[in-house]
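The structure under discussion appears below in the form of structure tokens.
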Amino acid sequence: MNDKYITVTQLTKYIKFKIDRDVNLNEVFLKGEISNFKAHTRGHFYFTLKDENSRINAIMFQSNASKLKFTPEEGMKVLVTGRVSVYEATGGYQIYVNEMIEDGVGNLYVAFEQLKKKLEKEGLFDPLHKKKIPLFPTTIGIVTAPTGAAIRDILSTIQRRFPLAKTILFPSLVQGENAKEDVVRQIQRAATFPIDVLIVGRGGGSIEDLWCFNEEMVARAIYDCPIPVISAVGHEIDFTISDFVADLRAPTPTGAAEMAVPNQSDVVNYLRQLKIRSSQVIQKQLVLNRQHFDQLTQRPILKNPMMLYQVKEQQFDHLLDKLEQVTHFLIEKNRDRFRSVLRHSVFSQPKRILIEPKENAYLQILGKLETLSPLATLQRGYAITKKDEKVITSVKDLKKNDQIEIDLKDGQIKAEVL
């Protein structure tokens with residue numbers, strides 16, 4: 001019968017489970033008035049956030065409370081960001097606050113966070129895209145208002161630290177409705193000049209005064225600028241979108257000037273150290289070369305240079321003797337071959353070797369010719385019949401009244417075919 005009943009703890013755990021699983025309650029943006037504020041000795045803030053009709057308990061732990069730039073007070077209107085959950089001990093729901101700002105700048109803050117997340121997701125803040133600030137710039141561009149403390153601080157700091165550097169001011173509006181377009185225009189204009197580094201910024205002010213440096217078009221102009229950019233907006237506690245996009249963020253305009261140029265005294269000290277190290281290297285190299293020279297001068301060949309000549313003389317004599325031996329050997333070898341050739345039968349009996357074989361061959365050929373000669377046929381009693389100087393080999397080659405010649409061994413007979 002009691003199985004269908006659950007405990008209060010079980011119910012509270014279930015409600016907490018459902019609320020914690022609701023994504024819409026994981027990040028809630030609330031605005032309201034602070035009441036029952038209490039700052040715990042451990043740094044946590046406990047308070048109630050209320051409006052005209054409702055209230056919700058709130059807690060902000062020390063890790064987040066320590067980051068606030070103001071001190072919360074009773075009755076203060078604020079904007080908070082946090083997650084809603086259930087505190088099981090009381091069964092009440094409450095908001096665990098991560099961030100808190102004074103109301104009045106809330107809309108700007110939300111816009112700031114949204115743009116920051118968007119550009120960060122696109123990679124505009126990626127350190128891989130940051131350009132290196134040159135160590136010794138010769139020309140520095142400055143995009144800021146032509147009047148005010150910012151430009152005076154920047155110019156005086158550069159002049160004091162590194163007077164060799166040239167500065168070019170690109171005057172721009174730095175607050176107001178048209179400021180963002182003017183800043184973008186001057187950044188793009190500066191990109192057409194031979195500048196080593198570009199400072200973009202202004203002096204301190206409210207979040208509304210600094211807002212043009214939170215505009216997306218200004219952020220993209222800084223990102224697309226081919227010149228290394230130092231962002232110098234407001235005071236050290238002020239952060240803008242331009243700070244995240246720039247290649248380097250300076251806490252103040254004066255700090256930007258200090259980051260843009262080296263201190264001339266540091267440069268002098270650096271050059272002095274280079275001079276000392278160069279002298280040491282040269283002296284060390286001179287000592288090594290002197291030692292090497294001394295070693296060379298101690299070599300016997302340098303003490304007695306005739307040794308080198310004598311060695312070459314000996315080598316020459318050796319080669320000359322070897323040449324004479326080889327020449328004598330070749331002469332004797334060719335002489336023996338010549339004597340051997342002279343002893344050959346072609347020189348001792350040239351007629352028998354050269355003429356008699358040719359004579360015998362000649363007689364053999366002559367005998368064959370006589371055997372095949374037509375004259376030999378006539379000597380044996382045969383006749384040769386011709387017609388028009390052509391030998392007749394068949395009666396079919398003759399007809400009646402043809403004039404023919406008959407060759408015999410002792411003359412020729414002319415006849416007519418009947």
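Convention: chains lettered A, B, ... in structure tokens order; per-chain residue numbering from 1; ligands numbered from 1 as shown.
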Requested in this report: Please report, as a count of residues only, each residue of stretch 159-232 of chain A to which DSSP assigns strand (DSSP E) when run on this structure's backbone.
Outcome: 16
Query - Long-range neighbours of A:Ile241 as a PyMOL selection string, 9 Å cut-off, only C-alpha atoms, 3 positions minimum in chain - result: chain A and resi 112+115-116+119+213-216+218-219+244-246
Atoms kept (C-alpha atoms) for selection, written as a short mmCIF file (atom, residue, chain, number, x, y, z; two decimals), in the first residue's frame:
```cif
data_model
loop_
_atom_site.label_atom_id
_atom_site.label_comp_id
_atom_site.auth_asym_id
_atom_site.auth_seq_id
_atom_site.Cartn_x
_atom_site.Cartn_y
_atom_site.Cartn_z
CA PHE A 112 29.56 42.28 -26.94
CA LEU A 115 29.93 39.20 -31.35
CA LYS A 116 32.88 37.87 -29.36
CA LEU A 119 34.30 36.08 -34.27
CA PHE A 213 35.96 49.41 -31.03
CA ASN A 214 33.41 46.64 -30.33
CA GLU A 215 31.86 46.96 -33.78
CA GLU A 216 32.20 44.02 -36.17
CA VAL A 218 36.21 47.60 -37.06
CA ALA A 219 37.23 44.12 -35.90
CA PHE A 244 41.04 40.22 -29.21
CA VAL A 245 41.45 40.67 -32.98
CA ALA A 246 44.61 42.81 -32.92
#
```
**Report entry** stretch 165-175 of chain A environment, 8 Å, only C-alpha atoms, sequence neighbours closer than 2 positions dropped, as number ranges by chain
**Finding:** A: 137-146, 155, 158-159, 162-163, 177-180, 182-183, 186, 190, 201-202, 209-212, 261
Requested write-out: C-alpha atoms of the selected residues, as an mmCIF file, in the first residue's frame:
```cif
data_model
loop_
_atom_site.group_PDB
_atom_site.id
_atom_site.type_symbol
_atom_site.label_atom_id
_atom_site.label_comp_id
_atom_site.auth_asym_id
_atom_site.auth_seq_id
_atom_site.Cartn_x
_atom_site.Cartn_y
_atom_site.Cartn_z
ATOM 1 C CA PRO A 137 60.221 49.886 -36.573
ATOM 2 C CA THR A 138 61.152 52.914 -38.643
ATOM 3 C CA THR A 139 57.605 54.211 -39.261
ATOM 4 C CA ILE A 140 54.630 53.916 -36.906
ATOM 5 C CA GLY A 141 51.042 54.682 -37.887
ATOM 6 C CA ILE A 142 48.500 55.897 -35.332
ATOM 7 C CA VAL A 143 44.723 55.765 -35.813
ATOM 8 C CA THR A 144 43.127 57.882 -33.075
ATOM 9 C CA ALA A 145 41.633 61.304 -32.401
ATOM 10 C CA PRO A 146 43.987 64.146 -33.377
ATOM 11 C CA LEU A 155 53.844 60.637 -29.399
ATOM 12 C CA ILE A 158 57.759 57.180 -28.810
ATOM 13 C CA GLN A 159 59.887 60.324 -28.870
ATOM 14 C CA PHE A 162 62.982 55.706 -29.724
ATOM 15 C CA PRO A 163 63.305 59.121 -31.395
ATOM 16 C CA GLU A 177 27.519 57.425 -34.371
ATOM 17 C CA ASN A 178 29.982 57.703 -37.293
ATOM 18 C CA ALA A 179 33.102 56.647 -35.420
ATOM 19 C CA LYS A 180 33.172 53.015 -36.591
ATOM 20 C CA ASP A 182 35.839 56.576 -39.753
ATOM 21 C CA VAL A 183 38.096 54.135 -37.867
ATOM 22 C CA GLN A 186 41.650 55.293 -41.562
ATOM 23 C CA ALA A 190 47.071 53.403 -43.291
ATOM 24 C CA GLY A 201 42.836 53.122 -30.087
ATOM 25 C CA ARG A 202 41.835 55.945 -27.783
ATOM 26 C CA ASP A 209 32.349 55.830 -25.435
ATOM 27 C CA LEU A 210 34.510 52.851 -26.344
ATOM 28 C CA TRP A 211 31.795 51.031 -28.256
ATOM 29 C CA CYS A 212 33.039 51.727 -31.802
ATOM 30 C CA VAL A 261 59.224 50.758 -30.097
#
```
Report task. Please provide as a ChimeraX atom specification all residues within 6 Å of A:Ile230, with the sequence filter that same-chain residues fewer than 4 positions apart are discarded (counting only C-alpha atoms). Result -> /A:199,246,248-249
Query - Residues near A:Phe61, cut-off 7 Å, only C-alpha atoms, skip fewer than 3 positions along chain, as a count of residues only - result: 4
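Our summary of the geometry notes that atom CA of A:Ser242 is positioned 22.4 Å from atom CA of A:Met100.
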Query - Non-local contacts of A:Thr192 (10 Å; only C-alpha atoms; under 6 positions in same chain excluded) as a PyMOL selection string - result: chain A and resi 225-227
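Candidate residues A:Gln364, A:Gly203, A:Glu33, A:Phe125 were compared for distance to A:Gly148, and the nearest is A:Gly203, using only C-alpha atoms.
Of the listed residues A:Thr90, A:Gln315, A:Thr297, A:Thr41, the one whose atoms come nearest to A:Lys16 is A:Thr90, with distances taken using only C-alpha atoms.
Separating atom CA of A:Ser85 from atom CA of A:Glu113 is a distance of 23.4 Å.
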Query raised in the report: atom CA of A:Gly205 and atom CA of A:Ile34, how far apart in Å?
Result: 26.4 Å
Report task. Please report, as a ChimeraX atom specification, each residue of stretch 170-396 of chain A to which DSSP assigns helix (DSSP H, G or I) when run on this structure's backbone. Result -> /A:179-190,211-214,216-224,241-245,253-260,264-297,300-303,306-342,345-348,350-372,374-379,395-396
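Closest approach to A:Gly92 from the set A:Val23, A:Ile15, A:Ile392, A:Ile151 is made by A:Ile15, with distances taken over only C-alpha atoms.
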